[in-house]
Structures are given as structure tokens and as C-alpha cells.
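J.: What follows is entry-v9.txt, compact mmCIF, C-alpha atoms and all ligand atoms.
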```txt
# COMPACT_ATOMS: atom_id res chain seq x y z
CA MET K 1 -92.25 -64.45 146.57
CA ALA K 2 -91.89 -66.84 143.69
CA VAL K 3 -93.44 -70.28 143.39
CA ILE K 4 -90.68 -72.88 143.56
CA LEU K 5 -90.56 -75.17 140.51
CA ASP K 6 -90.00 -78.35 142.47
CA GLY K 7 -88.20 -80.74 140.14
CA LYS K 8 -87.44 -83.19 142.90
CA GLN K 9 -91.09 -83.78 143.64
CA LEU K 10 -92.17 -83.92 140.00
CA ALA K 11 -89.33 -86.33 139.17
CA GLU K 12 -90.54 -88.62 141.96
CA GLN K 13 -94.02 -88.55 140.47
CA ILE K 14 -92.65 -89.35 137.00
CA ARG K 15 -90.56 -92.23 138.36
CA ALA K 16 -93.64 -93.70 140.04
CA GLN K 17 -95.57 -93.46 136.74
CA ILE K 18 -92.69 -95.09 134.86
CA LYS K 19 -92.51 -97.91 137.40
CA ALA K 20 -96.23 -98.59 137.03
CA GLU K 21 -95.97 -98.46 133.25
CA ILE K 22 -93.08 -100.94 133.17
CA ALA K 23 -94.89 -103.33 135.48
CA GLU K 24 -97.85 -103.25 133.09
CA MET K 25 -95.77 -103.43 129.91
CA GLY K 26 -94.46 -106.95 130.49
CA LEU K 27 -91.06 -106.01 129.06
CA THR K 28 -87.96 -104.99 130.96
CA PRO K 29 -86.31 -102.01 129.30
CA GLY K 30 -82.54 -102.28 129.17
CA LEU K 31 -80.17 -99.31 129.36
CA ALA K 32 -76.44 -99.61 128.70
CA VAL K 33 -74.35 -96.93 130.37
CA VAL K 34 -70.82 -96.70 129.04
CA ILE K 35 -68.18 -94.90 131.07
CA VAL K 36 -64.60 -94.42 129.96
CA GLY K 37 -61.85 -93.50 132.40
CA ASP K 38 -62.28 -92.33 135.97
CA ASN K 39 -63.69 -88.80 135.88
CA PRO K 40 -65.18 -88.47 139.41
CA ALA K 41 -68.16 -86.37 138.29
CA SER K 42 -68.99 -88.91 135.56
CA ARG K 43 -68.80 -91.71 138.13
CA ILE K 44 -71.38 -89.94 140.31
CA TYR K 45 -73.69 -89.28 137.33
CA VAL K 46 -73.47 -92.90 136.19
CA ASP K 47 -74.17 -94.20 139.70
CA HIS K 48 -77.25 -91.95 139.90
CA LYS K 49 -78.51 -93.27 136.58
CA LYS K 50 -78.10 -96.87 137.73
CA THR K 51 -79.92 -96.15 141.01
CA ASP K 52 -82.78 -94.47 139.14
CA CYS K 53 -83.11 -97.41 136.76
CA ALA K 54 -83.18 -99.94 139.60
CA ALA K 55 -85.85 -97.90 141.41
CA CYS K 56 -88.32 -98.15 138.55
CA GLY K 57 -87.66 -101.53 136.97
CA ILE K 58 -85.26 -100.66 134.15
CA ARG K 59 -82.35 -103.10 133.83
CA SER K 60 -79.16 -101.10 133.59
CA GLU K 61 -75.81 -102.44 132.52
CA GLU K 62 -72.60 -100.54 133.10
CA ILE K 63 -69.73 -100.98 130.70
CA ALA K 64 -66.62 -99.41 132.22
CA LEU K 65 -63.58 -99.04 130.02
CA PRO K 66 -60.18 -97.83 131.18
CA GLU K 67 -59.02 -94.54 129.71
CA GLU K 68 -56.36 -96.32 127.67
CA ALA K 69 -58.93 -98.62 125.98
CA GLY K 70 -59.00 -96.29 122.98
CA GLU K 71 -61.64 -95.17 120.55
CA GLU K 72 -61.60 -98.33 118.44
CA GLN K 73 -62.48 -100.51 121.41
CA LEU K 74 -65.21 -98.09 122.46
CA LEU K 75 -66.68 -98.19 118.94
CA THR K 76 -66.62 -102.00 119.04
CA VAL K 77 -68.50 -101.98 122.35
CA ILE K 78 -71.12 -99.61 120.90
CA ALA K 79 -71.53 -101.74 117.77
CA GLU K 80 -72.19 -104.78 119.96
CA LEU K 81 -74.75 -102.85 122.08
CA ASN K 82 -76.45 -101.65 118.89
CA ARG K 83 -76.99 -105.29 117.91
CA ARG K 84 -78.29 -106.55 121.25
CA PRO K 85 -82.10 -106.87 121.40
CA ASP K 86 -82.16 -106.71 125.21
CA ILE K 87 -80.51 -103.27 125.18
CA HIS K 88 -83.00 -100.55 124.21
CA GLY K 89 -81.04 -97.47 125.21
CA ILE K 90 -77.34 -96.64 125.01
CA LEU K 91 -75.70 -93.76 126.81
CA VAL K 92 -72.01 -92.92 126.64
CA GLN K 93 -71.17 -90.67 129.56
CA MET K 94 -69.52 -87.43 128.52
CA PRO K 95 -66.95 -85.96 128.63
CA LEU K 96 -64.73 -88.66 127.15
CA PRO K 97 -61.02 -88.63 128.01
CA LYS K 98 -58.54 -86.85 125.75
CA GLY K 99 -57.90 -88.67 122.48
CA TYR K 100 -61.53 -89.73 121.95
CA CYS K 101 -63.63 -87.92 119.37
CA GLU K 102 -67.00 -87.41 121.09
CA LYS K 103 -68.81 -86.57 117.83
CA LYS K 104 -67.62 -89.77 116.19
CA VAL K 105 -68.56 -91.87 119.21
CA ILE K 106 -72.06 -90.37 119.40
CA GLN K 107 -72.65 -91.00 115.69
CA ALA K 108 -71.81 -94.69 116.25
CA ILE K 109 -74.85 -95.15 118.50
CA ALA K 110 -77.94 -96.42 116.66
CA PRO K 111 -80.29 -93.39 116.56
CA GLU K 112 -83.22 -95.48 117.84
CA LYS K 113 -81.18 -96.35 120.96
CA ASP K 114 -79.77 -92.85 121.47
CA VAL K 115 -81.59 -91.96 124.69
CA ASP K 116 -79.52 -88.78 125.09
CA ALA K 117 -80.79 -87.55 121.69
CA PHE K 118 -77.26 -86.44 120.78
CA HIS K 119 -77.04 -88.26 117.41
CA PHE K 120 -77.27 -86.02 114.32
CA VAL K 121 -80.46 -87.82 113.28
CA ASN K 122 -82.17 -87.02 116.57
CA VAL K 123 -80.80 -83.46 116.61
CA GLY K 124 -82.18 -82.96 113.09
CA ARG K 125 -85.54 -84.38 114.08
CA ILE K 126 -85.79 -81.81 116.87
CA MET K 127 -85.20 -79.01 114.33
CA VAL K 128 -88.21 -80.08 112.29
CA GLY K 129 -90.37 -80.95 115.27
CA ASP K 130 -90.70 -84.61 114.28
CA TYR K 131 -88.93 -86.27 117.15
CA ALA K 132 -88.94 -89.37 119.26
CA PHE K 133 -86.31 -88.57 121.86
CA LEU K 134 -85.61 -85.17 123.30
CA PRO K 135 -82.38 -84.38 125.12
CA CYS K 136 -82.99 -84.95 128.81
CA THR K 137 -82.21 -81.55 130.31
CA PRO K 138 -84.30 -79.31 128.02
CA ALA K 139 -87.06 -81.94 128.01
CA GLY K 140 -86.99 -81.80 131.80
CA VAL K 141 -87.37 -78.02 131.71
CA MET K 142 -90.38 -78.28 129.39
CA ALA K 143 -91.98 -80.95 131.61
CA LEU K 144 -91.51 -78.70 134.61
CA LEU K 145 -93.11 -75.71 132.83
CA ASP K 146 -96.02 -77.88 131.71
CA HIS K 147 -96.57 -79.30 135.18
CA TYR K 148 -96.89 -75.81 136.64
CA GLY K 149 -99.22 -74.67 133.85
CA ILE K 150 -96.70 -72.27 132.30
CA ASP K 151 -97.53 -72.03 128.61
CA PRO K 152 -94.67 -70.59 126.51
CA ALA K 153 -97.02 -69.58 123.66
CA GLY K 154 -96.73 -65.89 122.87
CA LYS K 155 -94.13 -65.32 125.60
CA ARG K 156 -90.65 -63.86 125.21
CA ALA K 157 -88.21 -66.65 126.09
CA VAL K 158 -84.50 -65.97 126.51
CA VAL K 159 -82.04 -68.85 126.72
CA VAL K 160 -78.60 -67.93 128.02
CA GLY K 161 -76.11 -70.50 126.72
CA ARG K 162 -75.81 -72.12 123.30
CA SER K 163 -74.55 -75.62 124.02
CA ASP K 164 -75.57 -78.48 121.75
CA ILE K 165 -76.91 -80.38 124.75
CA VAL K 166 -79.00 -77.67 126.40
CA GLY K 167 -79.12 -74.15 124.94
CA LYS K 168 -79.80 -74.93 121.29
CA PRO K 169 -82.39 -77.70 121.78
CA GLN K 170 -84.02 -75.72 124.61
CA ALA K 171 -84.51 -72.77 122.28
CA MET K 172 -85.96 -75.03 119.60
CA MET K 173 -88.39 -76.67 122.01
CA LEU K 174 -89.60 -73.29 123.27
CA LEU K 175 -90.00 -72.19 119.66
CA HIS K 176 -92.08 -75.28 118.89
CA ARG K 177 -94.32 -74.21 121.75
CA ASN K 178 -94.74 -70.79 120.13
CA ALA K 179 -92.51 -68.67 122.33
CA THR K 180 -90.52 -65.83 120.75
CA VAL K 181 -87.03 -67.07 121.46
CA THR K 182 -83.66 -65.37 121.80
CA ILE K 183 -80.40 -67.21 122.46
CA CYS K 184 -77.66 -65.28 124.27
CA HIS K 185 -74.04 -66.31 124.64
CA SER K 186 -70.62 -65.09 125.66
CA LYS K 187 -70.46 -62.59 122.79
CA THR K 188 -73.85 -61.00 123.49
CA PRO K 189 -73.28 -57.36 124.40
CA ASP K 190 -75.32 -56.05 127.34
CA LEU K 191 -76.73 -59.41 128.36
CA GLY K 192 -79.01 -57.77 130.94
CA ALA K 193 -80.78 -55.70 128.30
CA VAL K 194 -81.85 -58.93 126.61
CA THR K 195 -82.63 -61.00 129.71
CA ARG K 196 -84.81 -58.17 131.10
CA GLU K 197 -87.16 -58.75 128.16
CA ALA K 198 -87.72 -62.39 129.13
CA ASP K 199 -91.03 -63.73 130.37
CA ILE K 200 -89.25 -67.09 130.58
CA LEU K 201 -85.53 -66.96 131.30
CA VAL K 202 -83.44 -70.14 131.06
CA ALA K 203 -79.86 -69.89 132.30
CA ALA K 204 -77.56 -72.64 131.07
CA VAL K 205 -74.02 -71.32 131.16
CA GLY K 206 -72.22 -72.68 134.20
CA ARG K 207 -71.13 -69.41 135.78
CA THR K 208 -72.09 -68.76 139.41
CA GLY K 209 -73.83 -65.44 139.98
CA LEU K 210 -74.25 -64.68 136.27
CA ILE K 211 -77.92 -63.72 136.55
CA THR K 212 -78.55 -61.00 139.09
CA ALA K 213 -81.82 -59.32 140.07
CA ASP K 214 -81.27 -56.30 137.81
CA MET K 215 -81.25 -58.66 134.80
CA VAL K 216 -84.69 -60.13 135.49
CA LYS K 217 -88.11 -58.69 134.67
CA ARG K 218 -90.58 -58.62 137.56
CA GLY K 219 -92.83 -61.67 137.32
CA ALA K 220 -90.53 -63.66 135.02
CA VAL K 221 -90.28 -67.44 135.13
CA VAL K 222 -86.64 -68.21 135.93
CA VAL K 223 -85.17 -71.62 135.16
CA ASP K 224 -81.62 -72.40 136.24
CA VAL K 225 -80.04 -75.34 134.45
CA ALA K 226 -76.52 -74.92 135.80
CA MET K 227 -74.85 -77.06 138.45
CA ASN K 228 -71.90 -75.07 139.73
CA ARG K 229 -70.00 -75.14 143.01
CA ASP K 230 -69.57 -71.93 144.95
CA GLU K 231 -66.37 -71.03 146.82
CA ASN K 232 -67.48 -73.25 149.74
CA GLY K 233 -68.10 -76.23 147.47
CA LYS K 234 -71.89 -75.86 147.76
CA LEU K 235 -74.02 -76.65 144.68
CA CYS K 236 -75.44 -73.56 143.03
CA GLY K 237 -76.68 -72.40 139.64
CA ASP K 238 -76.11 -69.39 137.37
CA VAL K 239 -78.88 -67.40 139.03
CA ASP K 240 -78.36 -65.48 142.25
CA PHE K 241 -81.35 -67.19 143.88
CA ALA K 242 -81.60 -65.00 146.99
CA GLU K 243 -81.73 -61.83 144.88
CA VAL K 244 -83.90 -63.07 142.04
CA GLU K 245 -86.48 -65.14 143.90
CA PRO K 246 -88.39 -62.13 145.31
CA ILE K 247 -89.01 -60.67 141.84
CA ALA K 248 -89.67 -63.87 139.86
CA SER K 249 -93.09 -65.48 139.58
CA TYR K 250 -91.65 -68.99 139.40
CA ILE K 251 -88.08 -70.14 139.96
CA THR K 252 -86.14 -73.41 140.08
CA PRO K 253 -83.93 -74.15 143.06
CA VAL K 254 -80.43 -75.60 142.63
CA PRO K 255 -80.26 -78.38 143.63
CA GLY K 256 -83.78 -79.82 143.35
CA GLY K 257 -84.98 -78.08 140.19
CA VAL K 258 -83.82 -79.12 136.73
CA GLY K 259 -81.27 -81.76 137.87
CA PRO K 260 -83.80 -84.37 139.06
CA MET K 261 -85.90 -83.72 135.95
CA THR K 262 -82.94 -84.52 133.69
CA ARG K 263 -82.59 -87.87 135.43
CA ALA K 264 -86.31 -88.59 135.10
CA MET K 265 -86.33 -87.78 131.38
CA LEU K 266 -83.59 -90.36 130.75
CA LEU K 267 -85.87 -93.02 132.23
CA GLN K 268 -88.72 -91.80 130.08
CA ASN K 269 -86.58 -91.93 126.94
CA THR K 270 -85.47 -95.45 127.83
CA ILE K 271 -88.99 -96.83 128.09
CA MET K 272 -89.90 -94.99 124.91
CA ALA K 273 -87.00 -96.74 123.18
CA ALA K 274 -88.12 -100.11 124.53
CA LYS K 275 -91.70 -99.54 123.39
CA ARG K 276 -90.64 -98.46 119.92
CA VAL K 277 -88.44 -101.50 119.37
CA SER K 278 -91.11 -103.84 120.70
CA GLN K 279 -93.95 -102.01 118.93
CA LEU K 280 -95.83 -101.82 122.24
N1 LIG D 301 -72.43 -85.58 130.77
C1 LIG D 301 -73.07 -84.56 131.39
N2 LIG D 301 -74.38 -84.58 131.08
C2 LIG D 301 -74.57 -85.65 130.27
C3 LIG D 301 -75.71 -86.20 129.63
O1 LIG D 301 -76.84 -85.71 129.72
N3 LIG D 301 -75.49 -87.31 128.88
C4 LIG D 301 -74.26 -87.86 128.73
N4 LIG D 301 -74.14 -88.93 127.96
N5 LIG D 301 -73.18 -87.38 129.30
C5 LIG D 301 -73.34 -86.27 130.06
```
Write the structure described by the file as C-alpha cells, please.
Ligand code: GUN

T.:
Amino acid sequence: MAVILDGKQLAEQIRAQIKAEIAEMGLTPGLAVVIVGDNPASRIYVDHKKTDCAACGIRSEEIALPEEAGEEQLLTVIAELNRRPDIHGILVQMPLPKGYCEKKVIQAIAPEKDVDAFHFVNVGRIMVGDYAFLPCTPAGVMALLDHYGIDPAGKRAVVVGRSDIVGKPQAMMLLHRNATVTICHSKTPDLGAVTREADILVAAVGRTGLITADMVKRGAVVVDVAMNRDENGKLCGDVDFAEVEPIASYITPVPGGVGPMTRAMLLQNTIMAAKRVSQL
């Protein structure tokens, strides 16, 4: 029986801390959330972010552009947000519609307002361990490990997935905490042979049922970053929870594990941005 890494509960705790901190700070952090087009998943994510902000005293501002607005108009909006002193954090919801270059758009955000930590400057800072913002999902995973007293130092950590948003920065953060880190991906032969070595296994691929019990070492810490839908439309991760839970020492549920932590880390990055600008 594994201990459940309860991200929902920890995120609630973090939100309460953030709310108290903002009340004390005497400054209202401002987050601009830019959404382009009408991707239904993006709409839900953006609504969640606005609700979270309202719950802890961050002023959020949504800028919704129609799909046909075009990249130039989006870049103009970002330039304006970069200049505004009442906006401390800027987030452009991804994915952008076809015809927009996501890399170019991300690079247009002022690095000190880049609360996603997607800008090259922030990505580079993570590489050298001299960072302000960390990308929300891997930061949420690290906060969850810390909260449960799981120290990566000296452990074998295996990250399955090499995305710029999760896999790569997750591996770097585990490395900074002195884990021995391996990144696996779609071209890794015999994935199970590698994942069975993991003391800490992070699955971030987006394929339901990818991680089965035979791929997990007894007593491993299993973190599931994915948010997939099964054939019945139910939310699930990459890990076969029912199979893996009995052999893991700790495991995240989906939903209620990493997802709420990602949302909490965005709030944390936003107040960090506000403090930095205001030298609080
Ligand atoms: N789309 C899915 N996840 C994210 C995220 O963390 N940030 C942004 N900006 N877009 C996303």
C-alpha cells in the first residue's frame, strides 16, 4: 500500500499561504492570461487559473483574441503587457492556433514576467541552477516530493518524456537535487528495463496505461504528470494506478496529484514576479 501524494491538499495549503502573504504584502499582484482562439481545453485551463487567482487575492486579467487576430496583433498585446507596471506576470495559453509561432510568441514575453518559465532566458537559468521562476508542473512535482520528505539526493530518478515544459526541466531539477537522472523517450528501447531501476519515477508522456506494474521497482516513488482520458472519458494518467499502487512506496493520484500543484505553482510564480518588480 503506497502513501498517496495528495497534491490537492498541499495545493490548498499553498494557496492559503499565498493569500496570507498577499494580504501582508500590501501589493496586488497582477497576472495577464492571454488566450487565442477557442480551444475548449485551453478555455477550461484559463478559467481555472482565473478562479485560483481570485481565491488568493491576485488580480487576473484575461485577454481573449479571436483565432484570426494573427501573430502581429498578439505580439502587440504582449508588448503592451510587458510595459504595464500593474501586470507582474504574463501567460499565453498554449497551444496557439495554427499559423502562430509559439517560440516567437514566448520570446516576446519579458523574462521577468514569464511566470511559465518558458522564455529562453528562464530555461537557460534552470540549466545553470540560477533561477527565479521554475516551470509550474516540474516545480509542483518537486514541492510535492519535498512536502512528503522525499529527498532525491543519491537516488536513481527516471523521467519518462522529454518535453520542453515538463520532462527536460524536471530532469534538471532532480539533477540539481543530486539525483542520478535518466530521461527516457519514444526511442528508448526496453523502457521497462530503465524504469525498473528508478527510485523516483516520473511519467510525463500522455499515454494511458504506459507504466505497468512490471516496469516499477518495489518501493519506488511514482509520480504521474499526465492528464489523459480513458475510453470512458475519465481522467487518468500514464501509470496504471490499480496495478502500480500496491508496489510503490508513494504515488500520485490522477486527478488530485500533480495537476493541482501545477496550478498552485503559477500563483507562487506570480507573487514572486510581483515581489521582484517591487523589490519587496
Ligand atoms: N498549456 C498546457 N499547459 C500549459 C502551461 O503550463 N502554460 C501555458 N501557457 N500553456 C499551457

J.: Can you tell me which residues surround Gln9 of chain K at a distance of at most 9 Å, considering all atoms listed in the file, apart from same-chain residues fewer than 3 positions away, and format the answer as a ChimeraX atom specification?

T.: /K:6,12-14,256,260

J.: Of the candidates K:Arg229, K:Arg207, K:Lys168, K:Arg263, which one gets nearest to Lys49 of chain K if we count only C-alpha atoms?

T.: K:Arg263

J.: If you take every atom of ligand LIG 301 (chain D) that the file lists and fit an axis-aligned box around them with 6 Å extra on each side, what centre and edge lengths come out in Å to one decimal, as AutoDock Vina command-line options?

T.:
```
--center_x -74.6 --center_y -86.7 --center_z 129.7 --size_x 16.4 --size_y 16.4 --size_z 15.4
```

J.: Within 9 Å of Val166 of chain K, counting only C-alpha atoms, which residues show up once you throw out same-chain ones fewer than 5 positions away? Write them as a list of chain:residue names, please.

T.: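 These residues fall inside the cut-off: K:Pro135, K:Cys136, K:Thr137, K:Pro138, K:Gly161, K:Ala171, K:Ala204, K:Val225.
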
J.: For each of K:Pro29, K:Gly206, K:Pro95, K:Gly257, take the minimum atom-to-atom distance to ligand LIG 301 (chain D), counting only C-alpha atoms and all ligand atoms, then give the residue where this is smallest.

T.: K:Pro95

J.: Can you work out the spacing between atom CA of Ile109 of chain K and atom CA of Val92 of chain K in Å, to one decimal?

T.: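 Value for the atom CA of Ile109 of chain K-atom CA of Val92 of chain K distance: 8.9 Å.
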
J.: Write out as a count of residues only each polymer residue whose atoms come within 12 Å of Ile150 of chain K, counting all atoms listed in the file; drop sequence neighbours fewer than 5 positions from it.

T.: 21

J.: Identify, on the basis of all atoms listed in the file, every residue whose closest approach to Val277 of chain K does not exceed 9 Å; exclude the query and any residue fewer than 4 positions from it along the same chain; express the result as a compact mmCIF listing (two decimals) with C-alpha atoms, in the frame of the given file.

T.:
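File selection-v7.txt, as written:
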```
# COMPACT_ATOMS: atom_id res chain seq x y z
CA PRO K 85 -82.10 -106.87 121.40
CA HIS K 88 -83.00 -100.55 124.21
CA GLU K 112 -83.22 -95.48 117.84
CA MET K 272 -89.90 -94.99 124.91
CA ALA K 273 -87.00 -96.74 123.18
```

J.: At what distance in Å, to one decimal, does atom CA of Thr262 of chain K lie from atom CA of Thr182 of chain K?

T.: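 Interatomic distance, atom CA of Thr182 of chain K to atom CA of Thr262 of chain K: 22.6 Å.
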
J.: Please identify all protein, DNA and RNA residues within 10 Å of ligand LIG 301 (chain D), counting only C-alpha atoms and all ligand atoms, and report them as a count of residues only.

T.: 30

J.: Hey, which of K:Pro152, K:Gly233, K:Pro111, K:Pro189 ends up closest to Leu201 of chain K? Count only C-alpha atoms.

T.: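 Using only C-alpha atoms, the shortest distance to Leu201 of chain K belongs to K:Pro152.
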
J.: Take atom CA of Val239 of chain K and atom CA of Val160 of chain K and report the distance between them in Å, one decimal.

T.: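 Atom-to-atom, atom CA of Val239 of chain K and atom CA of Val160 of chain K are spaced 11.0 Å apart.
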
J.: Within 6 Å of segment 66-74 of chain K, counting only C-alpha atoms, which residues show up once you throw out same-chain ones fewer than 2 positions away? Write them as a PyMOL selection string, please.

T.: chain K and resi 36-37+76-77+100

J.: Find the residue from K:Ala11, K:Ile58, K:Ala2, K:Ala132 that sits nearest to Glu243 of chain K; use all atoms listed in the file when measuring.

T.: K:Ala2

J.: Using only C-alpha atoms, pick whichever of K:Gly7, K:Val181, K:Val158, K:Gly167 has the shortest atom-to-atom distance to Ala193 of chain K.

T.: K:Val158

J.: Pick from K:Arg125, K:Arg276, K:Arg218, K:Arg196: nearest to Pro169 of chain K, with all atoms listed in the file counted?

T.: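 The closest residue to Pro169 of chain K is K:Arg125.
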